[in-house]
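Next comes my_file-v7.tsv, a file with TSV, C-alpha atoms and all ligand atoms.
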chain	number	residue	atom	x	y	z
A	1	MET	CA	2.52	31.55	172.86
A	2	SER	CA	4.56	33.26	175.58
A	3	ARG	CA	4.22	32.39	179.25
A	4	TYR	CA	2.46	35.76	179.75
A	5	GLU	CA	-0.05	35.03	176.97
A	6	GLN	CA	-0.75	31.60	178.47
A	7	ARG	CA	-1.46	33.13	181.86
A	8	VAL	CA	-3.78	35.72	180.26
A	9	GLU	CA	-5.63	32.87	178.50
A	10	GLU	CA	-5.98	31.01	181.79
A	11	THR	CA	-7.35	34.07	183.56
A	12	TYR	CA	-9.80	34.70	180.71
A	13	HIS	CA	-11.12	31.13	180.74
A	14	ARG	CA	-11.28	30.98	184.52
A	15	HIS	CA	-13.42	34.15	184.53
A	16	MET	CA	-15.61	33.01	181.64
A	17	GLN	CA	-16.28	29.65	183.30
A	18	SER	CA	-16.96	31.16	186.72
A	19	GLY	CA	-20.28	32.54	185.45
A	20	LYS	CA	-19.64	35.65	187.52
A	21	PRO	CA	-20.07	39.17	186.11
A	22	ALA	CA	-16.97	40.66	184.48
A	23	LEU	CA	-15.14	43.15	186.67
A	24	ILE	CA	-13.05	45.59	184.63
A	25	LEU	CA	-10.41	47.71	186.34
A	26	GLY	CA	-10.25	51.03	184.47
A	27	ILE	CA	-7.23	53.35	184.55
A	28	GLU	CA	-7.20	56.93	183.21
A	29	THR	CA	-4.25	59.34	183.25
A	30	SER	CA	-4.50	61.13	179.89
A	31	CYS	CA	-4.57	64.68	181.26
A	32	ASP	CA	-4.78	66.02	184.80
A	33	GLU	CA	-6.89	63.49	186.68
A	34	THR	CA	-5.41	60.26	188.01
A	35	SER	CA	-8.33	57.87	188.12
A	36	ALA	CA	-9.01	54.18	188.72
A	37	ALA	CA	-12.38	52.42	188.81
A	38	VAL	CA	-14.01	49.02	188.96
A	39	VAL	CA	-17.05	48.51	186.71
A	40	GLN	CA	-19.23	45.41	186.50
A	41	ASP	CA	-20.33	44.22	183.04
A	42	GLY	CA	-19.70	47.66	181.53
A	43	THR	CA	-22.73	49.12	183.24
A	44	ALA	CA	-22.49	49.23	187.06
A	45	ILE	CA	-19.89	51.31	188.90
A	46	LEU	CA	-18.44	49.58	191.96
A	47	SER	CA	-15.86	52.32	192.52
A	48	ASN	CA	-14.57	55.39	190.68
A	49	ILE	CA	-11.67	57.14	192.41
A	50	ILE	CA	-10.49	60.45	190.94
A	51	ALA	CA	-7.41	62.29	192.20
A	52	SER	CA	-7.72	65.68	190.51
A	53	GLN	CA	-4.71	67.92	189.96
A	54	ALA	CA	-6.82	70.95	188.99
A	55	GLU	CA	-5.73	72.92	192.06
A	56	ILE	CA	-2.04	72.50	191.13
A	57	HIS	CA	-2.47	73.53	187.48
A	58	LYS	CA	-4.72	76.47	188.38
A	59	LYS	CA	-1.61	78.44	189.39
A	60	PHE	CA	-0.30	78.13	185.82
A	61	GLY	CA	-3.60	78.82	184.05
A	62	GLY	CA	-3.50	75.44	182.29
A	63	VAL	CA	-2.16	71.90	182.53
A	64	VAL	CA	1.65	71.71	182.76
A	65	PRO	CA	2.50	68.34	181.18
A	66	GLU	CA	5.65	67.60	183.24
A	67	VAL	CA	3.86	68.41	186.49
A	68	ALA	CA	0.88	66.25	185.45
A	69	SER	CA	3.12	63.24	184.72
A	70	ARG	CA	4.92	63.55	188.03
A	71	ARG	CA	1.67	63.76	189.99
A	72	HIS	CA	0.28	60.74	188.13
A	73	VAL	CA	3.38	58.77	189.19
A	74	GLU	CA	2.82	59.79	192.80
A	75	ASN	CA	-0.89	58.98	192.78
A	76	ILE	CA	-1.40	56.01	190.50
A	77	THR	CA	-0.68	53.10	192.88
A	78	LEU	CA	-2.72	54.53	195.74
A	79	THR	CA	-5.60	55.36	193.40
A	80	ILE	CA	-5.70	51.81	192.02
A	81	ASP	CA	-5.54	50.33	195.55
A	82	GLU	CA	-8.35	52.59	196.66
A	83	ALA	CA	-10.50	51.67	193.64
A	84	LEU	CA	-10.11	47.94	194.41
A	85	GLU	CA	-10.72	48.43	198.12
A	86	THR	CA	-13.81	50.62	197.64
A	87	ALA	CA	-15.22	48.04	195.21
A	88	GLY	CA	-14.59	45.36	197.85
A	89	THR	CA	-12.52	43.32	195.42
A	90	THR	CA	-8.92	42.28	194.70
A	91	LEU	CA	-6.89	41.71	191.54
A	92	ASP	CA	-7.82	38.00	191.78
A	93	ASP	CA	-11.37	38.91	190.78
A	94	ILE	CA	-10.49	41.42	188.05
A	95	SER	CA	-11.35	40.07	184.57
A	96	ALA	CA	-9.37	42.67	182.61
A	97	ILE	CA	-7.48	45.94	182.99
A	98	ALA	CA	-8.62	48.72	180.62
A	99	VAL	CA	-6.36	51.74	180.24
A	100	THR	CA	-6.53	54.95	178.22
A	101	TYR	CA	-3.62	54.89	175.75
A	102	GLY	CA	-4.58	57.98	173.72
A	103	PRO	CA	-5.24	60.70	172.82
A	104	GLY	CA	-3.73	62.86	175.53
A	105	LEU	CA	-0.43	64.09	176.94
A	106	VAL	CA	2.13	61.42	176.16
A	107	GLY	CA	3.96	61.60	179.49
A	108	ALA	CA	0.66	61.44	181.34
A	109	LEU	CA	-0.71	58.55	179.25
A	110	LEU	CA	2.48	56.56	179.81
A	111	VAL	CA	2.00	56.50	183.58
A	112	GLY	CA	-1.39	54.78	183.30
A	113	VAL	CA	-0.21	52.48	180.51
A	114	ALA	CA	2.90	51.44	182.47
A	115	ALA	CA	0.84	50.76	185.61
A	116	ALA	CA	-1.72	48.71	183.65
A	117	LYS	CA	0.99	46.71	181.89
A	118	ALA	CA	2.83	46.04	185.15
A	119	LEU	CA	-0.32	44.68	186.82
A	120	SER	CA	-1.27	42.70	183.74
A	121	PHE	CA	2.19	41.15	183.53
A	122	ALA	CA	2.49	40.45	187.25
A	123	ARG	CA	-0.96	38.84	187.55
A	124	GLY	CA	-1.64	37.48	184.06
A	125	ILE	CA	-4.73	39.70	183.69
A	126	PRO	CA	-5.92	40.58	180.15
A	127	LEU	CA	-4.91	44.11	179.07
A	128	ILE	CA	-7.18	46.37	177.03
A	129	GLY	CA	-6.22	49.68	175.37
A	130	VAL	CA	-9.04	52.25	175.36
A	131	HIS	CA	-9.49	55.43	173.29
A	132	HIS	CA	-10.20	58.35	175.62
A	133	ILE	CA	-13.15	59.60	173.54
A	134	ALA	CA	-14.67	56.11	173.39
A	135	GLY	CA	-14.51	56.32	177.17
A	136	HIS	CA	-16.37	59.64	177.24
A	137	ILE	CA	-19.08	58.18	174.99
A	138	TYR	CA	-19.37	55.04	177.14
A	139	ALA	CA	-19.93	57.15	180.28
A	140	ASN	CA	-23.50	57.13	178.96
A	141	ARG	CA	-23.78	53.35	179.26
A	142	LEU	CA	-23.29	53.76	182.99
A	143	VAL	CA	-26.60	55.65	182.90
A	144	LYS	CA	-28.69	53.71	180.38
A	145	GLU	CA	-28.22	50.94	177.81
A	146	MET	CA	-27.29	52.24	174.35
A	147	GLU	CA	-29.60	51.78	171.37
A	148	PHE	CA	-28.28	51.99	167.82
A	149	PRO	CA	-27.95	53.91	165.62
A	150	LEU	CA	-27.00	56.72	167.94
A	151	VAL	CA	-25.31	60.07	167.55
A	152	SER	CA	-22.94	61.29	170.24
A	153	LEU	CA	-21.87	64.87	170.68
A	154	VAL	CA	-18.39	64.79	172.20
A	155	VAL	CA	-17.32	68.12	173.67
A	156	SER	CA	-14.21	68.20	175.84
A	157	GLY	CA	-11.10	70.25	176.45
A	158	GLY	CA	-9.35	68.64	173.49
A	159	HIS	CA	-12.21	67.41	171.26
A	160	THR	CA	-15.42	68.47	169.57
A	161	GLU	CA	-16.88	65.69	167.49
A	162	LEU	CA	-20.18	64.35	166.23
A	163	VAL	CA	-19.90	60.58	166.23
A	164	LEU	CA	-22.28	58.07	164.65
A	165	MET	CA	-22.41	54.59	166.20
A	166	GLU	CA	-24.28	51.71	164.58
A	167	ARG	CA	-22.98	49.06	166.97
A	168	HIS	CA	-20.83	48.74	170.07
A	169	GLY	CA	-17.21	49.76	169.66
A	170	GLU	CA	-17.59	51.23	166.15
A	171	TYR	CA	-17.33	54.94	165.57
A	172	ARG	CA	-17.86	57.09	162.50
A	173	ILE	CA	-16.89	60.74	162.83
A	174	LEU	CA	-19.52	62.84	161.06
A	175	GLY	CA	-17.91	66.14	161.92
A	176	GLU	CA	-15.23	67.64	164.11
A	177	THR	CA	-13.72	70.98	165.02
A	178	ARG	CA	-11.50	72.59	162.42
A	179	ASP	CA	-9.65	74.62	165.05
A	180	ASP	CA	-10.30	74.98	168.79
A	181	ALA	CA	-12.22	72.42	170.81
A	182	ALA	CA	-15.34	73.70	172.58
A	183	GLY	CA	-13.73	73.32	176.03
A	184	GLU	CA	-10.60	75.06	174.81
A	185	ALA	CA	-12.73	78.03	173.66
A	186	TYR	CA	-14.45	78.09	177.07
A	187	ASP	CA	-11.09	78.09	178.84
A	188	LYS	CA	-9.61	80.84	176.63
A	189	VAL	CA	-12.65	83.10	176.97
A	190	ALA	CA	-12.64	82.46	180.72
A	191	ARG	CA	-9.01	83.52	180.91
A	192	ALA	CA	-9.84	86.75	179.04
A	193	LEU	CA	-12.55	87.38	181.64
A	194	HIS	CA	-9.96	86.78	184.40
A	195	LEU	CA	-11.69	83.63	185.62
A	196	PRO	CA	-9.69	80.73	187.11
A	197	TYR	CA	-8.69	77.57	185.20
A	198	PRO	CA	-10.50	75.47	184.09
A	199	GLY	CA	-12.85	78.19	182.98
A	200	GLY	CA	-15.81	76.20	181.64
A	201	PRO	CA	-17.70	75.84	184.92
A	202	HIS	CA	-17.09	79.54	185.77
A	203	ILE	CA	-18.47	80.75	182.44
A	204	ASP	CA	-21.42	78.41	182.92
A	205	ARG	CA	-22.20	79.92	186.35
A	206	LEU	CA	-21.65	83.49	185.17
A	207	ALA	CA	-23.78	82.97	182.04
A	208	ALA	CA	-26.75	82.02	184.19
A	209	ALA	CA	-26.64	85.51	185.74
A	210	GLY	CA	-26.20	87.43	182.46
A	211	HIS	CA	-28.10	88.33	179.31
A	212	ALA	CA	-27.00	87.10	175.89
A	213	SER	CA	-27.17	90.68	174.63
A	214	LEU	CA	-23.82	91.02	172.84
A	215	PRO	CA	-23.67	90.22	169.12
A	216	LEU	CA	-21.28	87.31	168.54
A	217	PRO	CA	-20.84	85.17	165.41
A	218	ARG	CA	-22.05	81.60	164.87
A	219	ALA	CA	-19.82	79.45	162.66
A	220	TRP	CA	-22.26	77.33	160.67
A	221	LEU	CA	-19.67	76.57	157.94
A	222	GLU	CA	-21.04	74.95	154.73
A	223	PRO	CA	-24.79	74.23	154.93
A	224	ASP	CA	-24.41	70.44	155.03
A	225	SER	CA	-21.28	70.33	157.18
A	226	TYR	CA	-21.21	68.71	160.61
A	227	ASP	CA	-17.85	70.32	161.34
A	228	PHE	CA	-17.35	73.00	163.97
A	229	SER	CA	-15.15	76.06	164.34
A	230	PHE	CA	-14.75	78.07	167.52
A	231	SER	CA	-11.65	80.17	166.93
A	232	GLY	CA	-13.60	82.97	165.19
A	233	LEU	CA	-15.98	83.20	168.12
A	234	LYS	CA	-13.11	83.22	170.59
A	235	SER	CA	-11.40	86.03	168.64
A	236	ALA	CA	-14.67	88.00	168.49
A	237	VAL	CA	-14.93	87.84	172.28
A	238	LEU	CA	-11.30	88.88	172.76
A	239	ASN	CA	-11.72	91.77	170.27
A	240	ALA	CA	-14.93	92.98	171.91
A	241	LEU	CA	-13.23	93.00	175.32
A	242	HIS	CA	-10.14	94.71	173.95
A	243	ASN	CA	-12.10	97.38	172.04
A	244	ALA	CA	-14.25	98.14	175.06
A	245	GLU	CA	-11.15	98.51	177.20
A	246	GLN	CA	-9.60	100.92	174.68
A	247	ARG	CA	-12.73	103.02	174.67
A	248	GLY	CA	-12.74	103.05	178.46
A	249	GLU	CA	-16.03	101.14	178.50
A	250	THR	CA	-16.82	98.11	180.59
A	251	VAL	CA	-18.39	94.92	179.33
A	252	GLU	CA	-20.52	93.13	181.88
A	253	PRO	CA	-18.67	89.77	182.26
A	254	ALA	CA	-21.92	87.91	182.91
A	255	ASP	CA	-23.41	89.25	179.65
A	256	MET	CA	-20.28	88.28	177.73
A	257	ALA	CA	-20.36	84.79	179.29
A	258	ALA	CA	-24.06	84.42	178.41
A	259	SER	CA	-23.54	85.67	174.83
A	260	PHE	CA	-20.54	83.40	174.27
A	261	GLN	CA	-22.33	80.40	175.73
A	262	GLU	CA	-25.43	80.99	173.61
A	263	SER	CA	-23.32	81.19	170.48
A	264	VAL	CA	-21.52	77.90	171.25
A	265	ILE	CA	-24.65	76.04	172.29
A	266	GLU	CA	-26.78	77.12	169.35
A	267	VAL	CA	-24.35	75.61	166.84
A	268	LEU	CA	-23.67	72.45	168.86
A	269	VAL	CA	-27.35	71.69	169.37
A	270	GLU	CA	-28.45	72.52	165.82
A	271	LYS	CA	-25.83	70.29	164.22
A	272	THR	CA	-26.42	67.44	166.67
A	273	ILE	CA	-30.17	67.39	166.04
A	274	ARG	CA	-29.61	67.63	162.28
A	275	ALA	CA	-27.26	64.62	162.41
A	276	ALA	CA	-29.62	62.65	164.66
A	277	THR	CA	-32.50	63.25	162.23
A	278	ALA	CA	-30.45	62.53	159.11
A	279	TYR	CA	-29.17	59.19	160.46
A	280	GLY	CA	-32.41	58.11	162.15
A	281	ALA	CA	-30.75	58.03	165.56
A	282	LYS	CA	-32.64	56.30	168.35
A	283	GLN	CA	-30.57	58.15	170.92
A	284	VAL	CA	-28.43	61.25	171.28
A	285	LEU	CA	-25.56	60.93	173.76
A	286	LEU	CA	-23.73	63.86	175.30
A	287	ALA	CA	-20.11	63.25	176.25
A	288	GLY	CA	-16.95	65.02	177.47
A	289	GLY	CA	-16.13	67.68	180.04
A	290	VAL	CA	-18.29	70.39	178.39
A	291	ALA	CA	-21.26	68.01	178.74
A	292	ALA	CA	-21.29	69.27	182.33
A	293	ASN	CA	-22.50	72.63	180.98
A	294	SER	CA	-25.97	73.39	182.30
A	295	GLY	CA	-26.98	75.57	179.34
A	296	LEU	CA	-25.95	72.88	176.85
A	297	ARG	CA	-27.76	70.14	178.78
A	298	ARG	CA	-30.93	72.23	178.82
A	299	ALA	CA	-30.78	73.28	175.15
A	300	LEU	CA	-30.00	69.74	173.95
A	301	ALA	CA	-32.85	68.34	176.04
A	302	ASP	CA	-35.21	70.84	174.38
A	303	GLY	CA	-33.87	70.07	170.90
A	304	CYS	CA	-34.14	66.30	171.39
A	305	GLN	CA	-37.64	66.58	172.76
A	306	LYS	CA	-38.76	68.59	169.73
A	307	ALA	CA	-37.07	66.09	167.38
A	308	GLY	CA	-38.59	63.14	169.25
A	309	VAL	CA	-35.25	61.47	170.00
A	310	GLU	CA	-34.12	60.16	173.37
A	311	LEU	CA	-31.27	62.07	175.03
A	312	ILE	CA	-28.82	60.47	177.45
A	313	VAL	CA	-26.63	62.72	179.53
A	314	PRO	CA	-24.18	61.43	182.13
A	315	PRO	CA	-24.23	62.90	185.63
A	316	ILE	CA	-21.69	65.73	186.02
A	317	SER	CA	-19.26	63.43	187.87
A	318	LEU	CA	-19.05	61.18	184.78
A	319	CYS	CA	-18.70	64.03	182.25
A	320	THR	CA	-15.18	65.06	183.19
A	321	ASP	CA	-12.28	62.59	183.03
A	322	ASN	CA	-12.75	59.46	185.10
A	323	ALA	CA	-11.78	55.78	184.90
A	324	ALA	CA	-15.30	54.31	185.18
A	325	MET	CA	-16.00	55.44	181.60
A	326	ILE	CA	-12.73	53.81	180.47
A	327	ALA	CA	-13.70	50.53	182.14
A	328	ALA	CA	-17.16	50.75	180.51
A	329	ALA	CA	-15.61	51.19	177.05
A	330	GLY	CA	-13.04	48.48	177.82
A	331	TYR	CA	-15.84	45.99	178.52
A	332	VAL	CA	-16.82	46.11	174.83
A	333	SER	CA	-13.30	45.02	173.85
A	334	TYR	CA	-13.39	42.39	176.60
A	335	GLN	CA	-16.53	40.88	175.09
A	336	LYS	CA	-14.86	40.86	171.68
A	337	ARG	CA	-11.77	39.37	173.28
A	338	GLN	CA	-9.65	42.21	171.88
A	339	PHE	CA	-6.66	42.26	174.18
A	340	ALA	CA	-3.55	44.42	173.89
A	341	SER	CA	-0.05	43.05	174.08
A	342	LEU	CA	2.66	44.25	176.42
A	343	ASP	CA	4.05	46.59	173.77
A	344	LEU	CA	1.00	48.85	174.25
A	345	ASN	CA	2.22	52.45	174.20
A	346	GLY	CA	0.81	55.91	174.83
A	347	VAL	CA	-0.34	57.45	171.52
A	348	PRO	CA	-0.99	61.22	171.88
A	349	GLY	CA	-2.83	61.56	168.53
A	350	LEU	CA	-4.67	58.22	168.53
A	351	PRO	CA	-7.56	58.29	165.99
A	352	LEU	CA	-11.04	57.10	166.95
A	353	THR	CA	-11.93	54.14	164.77
A	354	SER	CA	-12.96	50.78	166.14
A	355	PHE	CA	-12.25	49.60	169.66
B	1	LIG	O1	-13.25	65.87	179.14
B	1	LIG	P1	-12.45	66.76	180.00
B	1	LIG	O2	-12.52	66.58	181.49
B	1	LIG	O3	-10.95	66.72	179.58
B	1	LIG	C1	-10.57	66.45	178.28
B	1	LIG	O4	-10.58	65.25	177.88
B	1	LIG	O5	-10.30	67.44	177.57
B	1	LIG	O6	-12.90	68.26	179.61
B	1	LIG	C2	-12.37	69.38	180.23
B	1	LIG	C3	-13.03	70.61	179.65
B	1	LIG	C4	-12.38	71.92	180.10
B	1	LIG	O7	-12.14	72.71	178.95
B	1	LIG	C5	-13.44	72.56	181.00
B	1	LIG	O8	-13.41	73.97	181.00
B	1	LIG	C6	-14.71	72.03	180.37
B	1	LIG	O9	-14.41	70.68	180.06
B	1	LIG	N1	-15.85	72.09	181.29
B	1	LIG	C7	-16.94	72.87	181.06
B	1	LIG	C8	-17.79	72.72	182.18
B	1	LIG	N2	-17.20	71.84	183.04
B	1	LIG	C9	-16.01	71.46	182.47
B	1	LIG	N3	-17.23	73.68	180.03
B	1	LIG	C10	-18.40	74.34	180.08
B	1	LIG	N4	-19.26	74.26	181.12
B	1	LIG	C11	-19.01	73.46	182.18
B	1	LIG	N5	-19.88	73.39	183.19
B	2	ZN	ZN	-11.65	63.88	178.58
Take the structure in the file and write it out as structure tokens.
Ligand code: KG4
Ligand code: ZN
Amino acid sequence: MSRYEQRVEETYHRHMQSGKPALILGIETSCDETSAAVVQDGTAILSNIIASQAEIHKKFGGVVPEVASRRHVENITLTIDEALETAGTTLDDISAIAVTYGPGLVGALLVGVAAAKALSFARGIPLIGVHHIAGHIYANRLVKEMEFPLVSLVVSGGHTELVLMERHGEYRILGETRDDAAGEAYDKVARALHLPYPGGPHIDRLAAAGHASLPLPRAWLEPDSYDFSFSGLKSAVLNALHNAEQRGETVEPADMAASFQESVIEVLVEKTIRAATAYGAKQVLLAGGVAANSGLRRALADGCQKAGVELIVPPISLCTDNAAMIAAAGYVSYQKRQFASLDLNGVPGLPLTSF
């Protein structure tokens, strides 16, 4: 056992014997938010600091990976300090450091991973690697305790997945997108409507003022499939806008936003409820940036009520990327004593299996 491993062991036993709640320091830098948080026993947020770069990337209409990495480097230390200070704690009291190591932008992931490894090495604190999507799902545990089996609909800028969980830390993907992620479709349609990046919240707001009067396709795929596809819908929107422009007609942006949103939501909700029923889910969890969507939250609440299954939805602040959800997911690994070694690396295409 190396000197580092011995120190990690000592820290683990000291914390276990103290009888105090476990404090997990979470670190998230997979995309364009630099975030650090302290979470107690995987359920209570003591701090959750988020330094967003959205304003910087807005100019470019999307996240510029090199710029994101550089900003993470500038922000990471201050963000971690602020998370500890706001939580009223120090590294002495931190039981483990949980960091997102994939999926995401490799240069961005590496900043968080390097910071977590440096602190772990310097202080002998256990290190935990967290899957970003596991984090999104565990944002729900900061709201209410999970009950299994559960089905989670994960809808973010990079992912659209229906995940079945039968116990903590174990994930079975029932279906996923075959092309664009839901958030990606929102952002592309928003760009076509000349809305700023990220477009999801703008479409959401605009949709509330429009009528879903334009005919747009729904990609149901094979009858028993839990997979999704959004590229056909995105193309239909772009074609409709283009054709109208060529004919010198105008399409009411609010109506287009409402029609697009209805088309996305109908498929997401139908498949989620079908999966929840088929697998006897006790709960449906909504996760990921698109979970902030007001239309989706409403429609899923309706669907779950009709199906008689409990719905958990994180507050908006926990839907988009943040480190509290990473700490919450990391707590599960902490309880299983699943620690990473110092060769932990950023893995852009990390699959979601067991964590
Ligand atoms: O989970 P997230 O913060 O980052 C990834 O892990 O991808 O998700 C970001 C995505 C963006 O595509 C953004 O447009 C979308 O979430 N989003 C929304 C809303 N708020 C954020 N999409 C629809 N409606 C919203 N209110
Ligand atoms: Zn995310």
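Of the residues under consideration (A:Asp302, A:Glu249, A:Glu85, A:Asp321), A:Asp321 shows the shortest atom-to-atom contact distance to ligand ZN 2 (chain B) when counting all atoms listed in the file.
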- Query: Can you list, as a PyMOL selection string, every protein, DNA or RNA residue that comes within 8 Å of region 324-336 of chain A when you count all atoms listed in the file, leaving out same-chain residues fewer than 3 positions away?
  - Reply: chain A and resi 24-28+36-39+41-43+45+47-48+96-100+128-130+132+134-139+141-142+168-169+318+339+355
Export of prior selection with C-alpha atoms as a compact mmCIF listing (two decimals), in the coordinates of the input:
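Written out: result20.txt:
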# COMPACT_ATOMS: atom_id res chain seq x y z
CA ILE A 24 -13.05 45.59 184.63
CA LEU A 25 -10.41 47.71 186.34
CA GLY A 26 -10.25 51.03 184.47
CA ILE A 27 -7.23 53.35 184.55
CA GLU A 28 -7.20 56.93 183.21
CA ALA A 36 -9.01 54.18 188.72
CA ALA A 37 -12.38 52.42 188.81
CA VAL A 38 -14.01 49.02 188.96
CA VAL A 39 -17.05 48.51 186.71
CA ASP A 41 -20.33 44.22 183.04
CA GLY A 42 -19.70 47.66 181.53
CA THR A 43 -22.73 49.12 183.24
CA ILE A 45 -19.89 51.31 188.90
CA SER A 47 -15.86 52.32 192.52
CA ASN A 48 -14.57 55.39 190.68
CA ALA A 96 -9.37 42.67 182.61
CA ILE A 97 -7.48 45.94 182.99
CA ALA A 98 -8.62 48.72 180.62
CA VAL A 99 -6.36 51.74 180.24
CA THR A 100 -6.53 54.95 178.22
CA ILE A 128 -7.18 46.37 177.03
CA GLY A 129 -6.22 49.68 175.37
CA VAL A 130 -9.04 52.25 175.36
CA HIS A 132 -10.20 58.35 175.62
CA ALA A 134 -14.67 56.11 173.39
CA GLY A 135 -14.51 56.32 177.17
CA HIS A 136 -16.37 59.64 177.24
CA ILE A 137 -19.08 58.18 174.99
CA TYR A 138 -19.37 55.04 177.14
CA ALA A 139 -19.93 57.15 180.28
CA ARG A 141 -23.78 53.35 179.26
CA LEU A 142 -23.29 53.76 182.99
CA HIS A 168 -20.83 48.74 170.07
CA GLY A 169 -17.21 49.76 169.66
CA LEU A 318 -19.05 61.18 184.78
CA PHE A 339 -6.66 42.26 174.18
CA PHE A 355 -12.25 49.60 169.66
- Near-region 306-309 of chain A list (10 Å; only C-alpha atoms; drop same-chain fewer than 5 positions) as a count of residues only: 12
Please tabulate, as a tab-separated table, the residues of chain A that come within 6 Å of ligand LIG 1 (chain B), each with its closest pair of atoms and the distance in Å to one decimal, counting only C-alpha atoms and all ligand atoms and ordering rows by chain, then residue number upward.
residue	atom	partner	partner_atom	distance
A:Ser156	CA	B:LIG1	O6	4.0
A:Gly157	CA	B:LIG1	O5	3.1
A:Gly158	CA	B:LIG1	O5	4.4
A:Gly183	CA	B:LIG1	O7	3.4
A:Glu184	CA	B:LIG1	O7	5.0
A:Tyr186	CA	B:LIG1	O8	5.8
A:Asp187	CA	B:LIG1	O8	5.2
A:Pro198	CA	B:LIG1	O8	4.5
A:Gly199	CA	B:LIG1	O8	4.7
A:Gly200	CA	B:LIG1	N3	3.3
A:Pro201	CA	B:LIG1	N5	3.7
A:Asp204	CA	B:LIG1	N4	5.0
A:Gly288	CA	B:LIG1	O1	4.1
A:Gly289	CA	B:LIG1	O6	3.3
A:Val290	CA	B:LIG1	N3	3.8
A:Ala292	CA	B:LIG1	N5	4.4
A:Asn293	CA	B:LIG1	N5	3.5
A:Thr320	CA	B:LIG1	O2	3.5
A:Asp321	CA	B:LIG1	O2	4.3
- Message: Please list as a PyMOL selection string every residue within 9 Å of Ile49 (chain A), counting all atoms listed in the file and excluding residues in the same chain fewer than 5 positions away.
- Response: chain A and resi 34-37+79-80+82-83+86+322-324
- All residues 12 Å or closer to Leu221 (chain A), all atoms listed in the file, same chain fewer than 6 positions away omitted, as number ranges by chain: A: 175-178, 227-230, 232, 267, 271
Radius query 7 Å about (-22.7, 63.6, 176.0), atoms used: all atoms listed in the file, as a compact mmCIF listing (two decimals) with C-alpha atoms, keeping the file's coordinate frame:
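Printed below is out-v2.txt as written:
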# COMPACT_ATOMS: atom_id res chain seq x y z
CA ILE A 137 -19.08 58.18 174.99
CA SER A 152 -22.94 61.29 170.24
CA LEU A 153 -21.87 64.87 170.68
CA VAL A 154 -18.39 64.79 172.20
CA LEU A 285 -25.56 60.93 173.76
CA LEU A 286 -23.73 63.86 175.30
CA ALA A 287 -20.11 63.25 176.25
CA GLY A 288 -16.95 65.02 177.47
CA ALA A 291 -21.26 68.01 178.74
CA VAL A 313 -26.63 62.72 179.53
CA PRO A 314 -24.18 61.43 182.13
- Message: Residues near Gly124 (chain A), anyone? I mean within 10 Å using all atoms listed in the file, not counting same-chain ones fewer than 4 positions away, as a ChimeraX atom specification.
- Response: /A:3-12,92,96,117-120
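If you look at CA of Lys58 (chain A) and CA of Val264 (chain A), they are 24.0 Å away from each other.
Here CA of Ser30 (chain A) and CA of Met146 (chain A) stand 25.1 Å from one another.
For the atom pair formed by CA of Arg71 (chain A) and CA of Gly104 (chain A), the distance is 15.5 Å, given to one decimal.
Of the listed residues A:Asn75, A:Ser263, A:Gln305, A:Asn345, the one whose atoms come nearest to Leu109 (chain A) is A:Asn345, with distances taken using only C-alpha atoms.
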